[in-house]
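*Asks:* Pasting in a structure now, in structure tokens, and then I'll have a few things to ask.
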Amino acid sequence: MKHILLPTDFSKNAWNAIEYALNLYTDQECTFHVFNVYNQPASGPYTGITSAKAREAIYHAQVENSKAGLEDVMQAIRDKFNNPKHTFTSLSKYEMFATAVIDVVKIITYRLYCYGYKRS
């Protein structure tokens, strides 16, 4: 069974990468792992927040946004792609992106890493 890692930031570019991977492996049995990474920003308005309660509230909002975004992506996949050869998992991780990917690839050997993102 092939394992395909599909990181997403929920952008149109990330969705395009997901569609590309699903179409590329349409005739093969695969497990696709939809993966969202989030962390607290290192710059911007967030850096001025010193209250632990405020930081915790921001963290919990990020957790909920990640879960909701992953569910939206999974529903879009179910709606558009109904391939019995494909199975899906979703994973949400609080970490720096590169570190999160390294952690995930230590657990499963991926055949393909397909990522599209929107630049800020």
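So you can find residues: chains in the structure tokens are A, B, ... in the order shown, residues in each start at 1, and ligands are numbered from 1 in order.
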Need to verify the contact set: A:Cys114, 8 Å, only C-alpha atoms, exclusion of same-chain residues closer than 5 positions in sequence. Can you return it as a list in words?
*Replies:* Ile4, Leu5, Leu6, Pro7, Ala17, Ile18 and Ala21 of chain A
*Asks:* I need the residues in chain A that are alpha helix (DSSP H) according to DSSP; give them as a ChimeraX atom specification.
*Replies:* /A:12-24,52-80,97-107
*Asks:* Could you tell me how far atom CA of A:Val101 sits from atom CA of A:Thr26, in Å to one decimal place?
*Replies:*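 These two atoms are separated by 24.4 Å.
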*Asks:* Would you give me, as number ranges by chain, the residues in stretch 19-112 of chain A that DSSP reads as strand (DSSP E)?
*Replies:* A: 30-38, 86-94, 112
*Asks:* With all heavy atoms retained, could you export that selection as a short mmCIF file (atom, residue, chain, number, x, y, z; two decimals), in the first residue's frame?
*Replies:*
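Saved as out-v4.cif:
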data_model
loop_
_atom_site.label_atom_id
_atom_site.label_comp_id
_atom_site.auth_asym_id
_atom_site.auth_seq_id
_atom_site.Cartn_x
_atom_site.Cartn_y
_atom_site.Cartn_z
N CYS A 30 -4.08 3.32 -2.31
CA CYS A 30 -3.27 4.27 -1.54
C CYS A 30 -4.00 4.70 -0.28
O CYS A 30 -5.23 4.71 -0.24
CB CYS A 30 -3.01 5.54 -2.34
SG CYS A 30 -2.12 5.34 -3.87
N THR A 31 -3.21 5.06 0.69
CA THR A 31 -3.73 5.79 1.84
C THR A 31 -3.18 7.20 1.76
O THR A 31 -1.96 7.39 1.68
CB THR A 31 -3.31 5.13 3.16
OG1 THR A 31 -3.85 3.80 3.20
CG2 THR A 31 -3.82 5.92 4.35
N PHE A 32 -4.07 8.16 1.76
CA PHE A 32 -3.70 9.57 1.72
C PHE A 32 -3.83 10.15 3.12
O PHE A 32 -4.85 9.97 3.78
CB PHE A 32 -4.62 10.33 0.76
CG PHE A 32 -4.46 9.92 -0.67
CD1 PHE A 32 -5.22 8.89 -1.20
CD2 PHE A 32 -3.55 10.56 -1.49
CE1 PHE A 32 -5.08 8.50 -2.52
CE2 PHE A 32 -3.39 10.18 -2.81
CZ PHE A 32 -4.17 9.14 -3.33
N HIS A 33 -2.78 10.83 3.54
CA HIS A 33 -2.74 11.42 4.87
C HIS A 33 -2.80 12.94 4.71
O HIS A 33 -1.81 13.57 4.32
CB HIS A 33 -1.47 11.02 5.60
CG HIS A 33 -1.30 9.53 5.70
ND1 HIS A 33 -1.76 8.80 6.77
CD2 HIS A 33 -0.76 8.63 4.83
CE1 HIS A 33 -1.49 7.52 6.57
NE2 HIS A 33 -0.88 7.40 5.40
N VAL A 34 -3.97 13.51 4.99
CA VAL A 34 -4.17 14.96 4.91
C VAL A 34 -3.65 15.55 6.22
O VAL A 34 -4.09 15.15 7.31
CB VAL A 34 -5.65 15.31 4.67
CG1 VAL A 34 -5.82 16.81 4.53
CG2 VAL A 34 -6.16 14.59 3.42
N PHE A 35 -2.75 16.50 6.11
CA PHE A 35 -1.92 16.92 7.24
C PHE A 35 -1.90 18.44 7.35
O PHE A 35 -1.55 19.12 6.40
CB PHE A 35 -0.51 16.38 6.98
CG PHE A 35 0.51 16.64 8.03
CD1 PHE A 35 0.24 16.45 9.37
CD2 PHE A 35 1.78 17.04 7.66
CE1 PHE A 35 1.21 16.66 10.33
CE2 PHE A 35 2.77 17.25 8.62
CZ PHE A 35 2.47 17.06 9.95
N ASN A 36 -2.32 18.95 8.50
CA ASN A 36 -2.26 20.40 8.75
C ASN A 36 -1.35 20.67 9.94
O ASN A 36 -1.45 20.02 10.97
CB ASN A 36 -3.65 20.98 9.01
CG ASN A 36 -3.60 22.46 9.33
OD1 ASN A 36 -3.84 22.86 10.47
ND2 ASN A 36 -3.27 23.26 8.35
N VAL A 37 -0.48 21.63 9.75
CA VAL A 37 0.45 22.05 10.80
C VAL A 37 0.13 23.49 11.15
O VAL A 37 -0.08 24.32 10.28
CB VAL A 37 1.91 21.93 10.32
CG1 VAL A 37 2.87 22.41 11.39
CG2 VAL A 37 2.22 20.51 9.91
N TYR A 38 0.10 23.78 12.42
CA TYR A 38 -0.12 25.16 12.87
C TYR A 38 0.79 25.43 14.05
O TYR A 38 1.25 24.52 14.73
CB TYR A 38 -1.59 25.37 13.25
CG TYR A 38 -2.06 24.46 14.35
CD1 TYR A 38 -2.00 24.86 15.67
CD2 TYR A 38 -2.51 23.17 14.07
CE1 TYR A 38 -2.40 24.02 16.69
CE2 TYR A 38 -2.90 22.32 15.07
CZ TYR A 38 -2.86 22.75 16.38
OH TYR A 38 -3.24 21.91 17.39
N HIS A 86 -8.91 4.15 -2.51
CA HIS A 86 -8.28 5.17 -1.68
C HIS A 86 -8.89 5.20 -0.28
O HIS A 86 -10.10 5.16 -0.12
CB HIS A 86 -8.45 6.55 -2.32
CG HIS A 86 -7.72 6.71 -3.61
ND1 HIS A 86 -7.91 7.79 -4.43
CD2 HIS A 86 -6.81 5.93 -4.24
CE1 HIS A 86 -7.14 7.68 -5.51
NE2 HIS A 86 -6.46 6.54 -5.40
N THR A 87 -8.01 5.28 0.70
CA THR A 87 -8.43 5.53 2.07
C THR A 87 -7.75 6.80 2.54
O THR A 87 -6.73 7.23 1.98
CB THR A 87 -8.06 4.35 3.00
OG1 THR A 87 -6.65 4.13 2.93
CG2 THR A 87 -8.81 3.09 2.61
N PHE A 88 -8.31 7.40 3.60
CA PHE A 88 -7.83 8.71 4.04
C PHE A 88 -7.72 8.77 5.55
O PHE A 88 -8.51 8.17 6.27
CB PHE A 88 -8.80 9.81 3.58
CG PHE A 88 -8.91 9.90 2.09
CD1 PHE A 88 -9.86 9.16 1.41
CD2 PHE A 88 -8.05 10.71 1.37
CE1 PHE A 88 -9.95 9.22 0.03
CE2 PHE A 88 -8.13 10.77 -0.01
CZ PHE A 88 -9.09 10.03 -0.68
N THR A 89 -6.72 9.51 5.99
CA THR A 89 -6.59 9.88 7.40
C THR A 89 -6.35 11.37 7.43
O THR A 89 -5.94 11.98 6.45
CB THR A 89 -5.42 9.16 8.09
OG1 THR A 89 -4.18 9.64 7.56
CG2 THR A 89 -5.51 7.65 7.94
N SER A 90 -6.59 11.96 8.59
CA SER A 90 -6.25 13.38 8.76
C SER A 90 -5.45 13.53 10.04
O SER A 90 -5.64 12.76 11.00
CB SER A 90 -7.50 14.25 8.78
OG SER A 90 -8.31 13.95 9.89
N LEU A 91 -4.56 14.48 10.02
CA LEU A 91 -3.68 14.71 11.16
C LEU A 91 -3.48 16.21 11.32
O LEU A 91 -3.21 16.92 10.36
CB LEU A 91 -2.33 14.03 10.93
CG LEU A 91 -1.24 14.27 11.96
CD1 LEU A 91 -1.66 13.72 13.32
CD2 LEU A 91 0.06 13.63 11.52
N SER A 92 -3.61 16.66 12.54
CA SER A 92 -3.40 18.06 12.89
C SER A 92 -2.27 18.10 13.92
O SER A 92 -2.30 17.36 14.89
CB SER A 92 -4.69 18.63 13.48
OG SER A 92 -4.53 19.96 13.86
N LYS A 93 -1.30 18.97 13.69
CA LYS A 93 -0.13 18.97 14.58
C LYS A 93 0.29 20.40 14.90
O LYS A 93 0.41 21.23 14.01
CB LYS A 93 1.01 18.20 13.93
CG LYS A 93 2.18 17.90 14.85
CD LYS A 93 3.01 16.79 14.25
CE LYS A 93 4.25 16.50 15.04
NZ LYS A 93 4.02 16.02 16.37
N TYR A 94 0.56 20.66 16.17
CA TYR A 94 1.07 21.94 16.63
C TYR A 94 2.59 21.85 16.66
O TYR A 94 3.17 21.16 17.50
CB TYR A 94 0.54 22.25 18.03
CG TYR A 94 1.13 23.51 18.63
CD1 TYR A 94 0.68 24.75 18.21
CD2 TYR A 94 2.13 23.44 19.59
CE1 TYR A 94 1.22 25.91 18.75
CE2 TYR A 94 2.66 24.59 20.13
CZ TYR A 94 2.21 25.83 19.71
OH TYR A 94 2.75 26.97 20.23
N LEU A 112 4.93 9.61 -1.79
CA LEU A 112 4.86 10.94 -2.40
C LEU A 112 4.51 11.95 -1.33
O LEU A 112 3.72 11.66 -0.43
CB LEU A 112 3.79 10.97 -3.50
CG LEU A 112 3.53 12.29 -4.20
CD1 LEU A 112 4.71 12.67 -5.09
CD2 LEU A 112 2.26 12.22 -5.03
#
*Asks:* Leaving out A:Asp72 and any residue of its chain fewer than 4 positions from it, which residues lie within 12 Å of it when counting only C-alpha atoms, given as a list in words?
*Replies:*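 Counting only C-alpha atoms, the residues come to Thr8, Asp9, Phe10, Ser11, Trp15, Val34, Asn65, Ser66, Lys67, Ala68, Ala76, Ile77, Arg78, Asp79 and Ser90 of chain A.
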*Asks:* Keeping all heavy atoms for every residue in the selection just given, could you write it to a file as a tab-separated table (two decimals), in the first residue's frame?
*Replies:*
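Dumped everything to part.tsv:
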chain	number	residue	atom	x	y	z
A	8	THR	N	-1.63	20.51	4.08
A	8	THR	CA	-2.53	21.55	3.60
A	8	THR	C	-2.53	22.73	4.55
A	8	THR	O	-2.45	22.57	5.76
A	8	THR	CB	-3.97	21.01	3.43
A	8	THR	OG1	-4.79	22.06	2.91
A	8	THR	CG2	-4.56	20.49	4.72
A	9	ASP	N	-2.61	23.90	3.94
A	9	ASP	CA	-2.84	25.13	4.70
A	9	ASP	C	-4.24	25.65	4.39
A	9	ASP	O	-4.58	26.78	4.69
A	9	ASP	CB	-1.77	26.18	4.42
A	9	ASP	CG	-1.72	26.59	2.95
A	9	ASP	OD1	-2.53	26.09	2.13
A	9	ASP	OD2	-0.86	27.43	2.61
A	10	PHE	N	-5.04	24.81	3.74
A	10	PHE	CA	-6.44	25.07	3.38
A	10	PHE	C	-6.58	26.11	2.27
A	10	PHE	O	-7.68	26.63	2.04
A	10	PHE	CB	-7.29	25.46	4.60
A	10	PHE	CG	-7.11	24.51	5.76
A	10	PHE	CD1	-6.68	24.97	6.99
A	10	PHE	CD2	-7.34	23.15	5.60
A	10	PHE	CE1	-6.50	24.09	8.05
A	10	PHE	CE2	-7.16	22.27	6.65
A	10	PHE	CZ	-6.74	22.74	7.89
A	11	SER	N	-5.51	26.38	1.56
A	11	SER	CA	-5.57	27.31	0.44
A	11	SER	C	-6.00	26.61	-0.83
A	11	SER	O	-6.03	25.37	-0.90
A	11	SER	CB	-4.19	27.96	0.22
A	11	SER	OG	-3.26	26.97	-0.25
A	15	TRP	N	-5.39	22.69	-2.16
A	15	TRP	CA	-6.44	21.85	-2.72
A	15	TRP	C	-6.04	21.33	-4.10
A	15	TRP	O	-6.27	20.18	-4.43
A	15	TRP	CB	-7.77	22.60	-2.79
A	15	TRP	CG	-8.83	21.78	-3.45
A	15	TRP	CD1	-9.39	22.00	-4.68
A	15	TRP	CD2	-9.43	20.57	-2.96
A	15	TRP	NE1	-10.30	21.01	-4.98
A	15	TRP	CE2	-10.34	20.12	-3.93
A	15	TRP	CE3	-9.27	19.83	-1.79
A	15	TRP	CZ2	-11.10	18.96	-3.78
A	15	TRP	CZ3	-10.03	18.67	-1.64
A	15	TRP	CH2	-10.93	18.25	-2.61
A	34	VAL	N	-3.97	13.51	4.99
A	34	VAL	CA	-4.17	14.96	4.91
A	34	VAL	C	-3.65	15.55	6.22
A	34	VAL	O	-4.09	15.15	7.31
A	34	VAL	CB	-5.65	15.31	4.67
A	34	VAL	CG1	-5.82	16.81	4.53
A	34	VAL	CG2	-6.16	14.59	3.42
A	65	ASN	N	-9.61	25.64	14.49
A	65	ASN	CA	-9.52	25.99	13.07
A	65	ASN	C	-8.90	24.87	12.26
A	65	ASN	O	-9.35	24.57	11.14
A	65	ASN	CB	-8.71	27.28	12.87
A	65	ASN	CG	-9.46	28.51	13.30
A	65	ASN	OD1	-10.68	28.52	13.40
A	65	ASN	ND2	-8.72	29.58	13.58
A	66	SER	N	-7.88	24.23	12.81
A	66	SER	CA	-7.24	23.12	12.12
A	66	SER	C	-8.20	21.95	11.97
A	66	SER	O	-8.34	21.37	10.89
A	66	SER	CB	-5.97	22.70	12.87
A	66	SER	OG	-5.32	21.65	12.20
A	67	LYS	N	-8.88	21.59	13.05
A	67	LYS	CA	-9.84	20.48	13.00
A	67	LYS	C	-10.95	20.76	12.00
A	67	LYS	O	-11.32	19.89	11.20
A	67	LYS	CB	-10.44	20.22	14.38
A	67	LYS	CG	-9.51	19.56	15.36
A	67	LYS	CD	-10.21	19.37	16.70
A	67	LYS	CE	-9.29	18.78	17.73
A	67	LYS	NZ	-9.96	18.64	19.03
A	68	ALA	N	-11.49	21.97	12.04
A	68	ALA	CA	-12.59	22.33	11.14
A	68	ALA	C	-12.10	22.35	9.69
A	68	ALA	O	-12.79	21.86	8.78
A	68	ALA	CB	-13.17	23.69	11.52
A	76	ALA	N	-14.78	17.59	1.24
A	76	ALA	CA	-14.61	17.93	-0.18
A	76	ALA	C	-14.05	16.74	-0.96
A	76	ALA	O	-14.47	16.48	-2.09
A	76	ALA	CB	-13.70	19.15	-0.32
A	77	ILE	N	-13.14	16.01	-0.33
A	77	ILE	CA	-12.59	14.81	-0.98
A	77	ILE	C	-13.70	13.78	-1.15
A	77	ILE	O	-13.85	13.19	-2.23
A	77	ILE	CB	-11.41	14.23	-0.16
A	77	ILE	CG1	-10.19	15.17	-0.26
A	77	ILE	CG2	-11.06	12.83	-0.64
A	77	ILE	CD1	-9.07	14.82	0.71
A	78	ARG	N	-14.49	13.55	-0.11
A	78	ARG	CA	-15.59	12.57	-0.20
A	78	ARG	C	-16.59	12.98	-1.28
A	78	ARG	O	-17.11	12.14	-2.01
A	78	ARG	CB	-16.29	12.42	1.14
A	78	ARG	CG	-15.50	11.63	2.17
A	78	ARG	CD	-16.32	11.33	3.42
A	78	ARG	NE	-16.64	12.49	4.20
A	78	ARG	CZ	-15.87	13.00	5.18
A	78	ARG	NH1	-14.72	12.42	5.47
A	78	ARG	NH2	-16.25	14.06	5.86
A	79	ASP	N	-16.87	14.27	-1.38
A	79	ASP	CA	-17.84	14.76	-2.36
A	79	ASP	C	-17.35	14.63	-3.79
A	79	ASP	O	-18.12	14.31	-4.69
A	79	ASP	CB	-18.18	16.23	-2.09
A	79	ASP	CG	-18.97	16.43	-0.81
A	79	ASP	OD1	-19.50	15.44	-0.25
A	79	ASP	OD2	-19.06	17.59	-0.35
A	90	SER	N	-6.59	11.96	8.59
A	90	SER	CA	-6.25	13.38	8.76
A	90	SER	C	-5.45	13.53	10.04
A	90	SER	O	-5.64	12.76	11.00
A	90	SER	CB	-7.50	14.25	8.78
A	90	SER	OG	-8.31	13.95	9.89
*Asks:* At what distance in Å, to one decimal, does atom CA of A:Ile108 lie from atom CA of A:Asn83?
*Replies:*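 Atom CA of A:Ile108 lies at a distance of 22.1 Å from atom CA of A:Asn83.
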*Asks:* Would you please work out which residue, of A:Tyr20, A:Tyr113, A:Tyr59, A:Phe81, is nearest to A:Glu95 when using only C-alpha atoms?
*Replies:*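 Ranked by minimum distance to A:Glu95, first place goes to A:Tyr59.
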*Asks:* Out of A:Glu19, A:Val105, A:Asn13, A:Gln28, which residue has the shortest atom-to-atom distance to A:Pro84 when counting only C-alpha atoms?
*Replies:*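 Between A:Glu19, A:Val105, A:Asn13, A:Gln28, the residue approaching A:Pro84 most closely is A:Gln28.
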*Asks:* Mind giving me the straight-line distance from atom CA of A:Ala98 to atom CA of A:Gly69 in Å, one decimal?
*Replies:*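 Atom-to-atom, atom CA of A:Ala98 to atom CA of A:Gly69, that is 20.1 Å.
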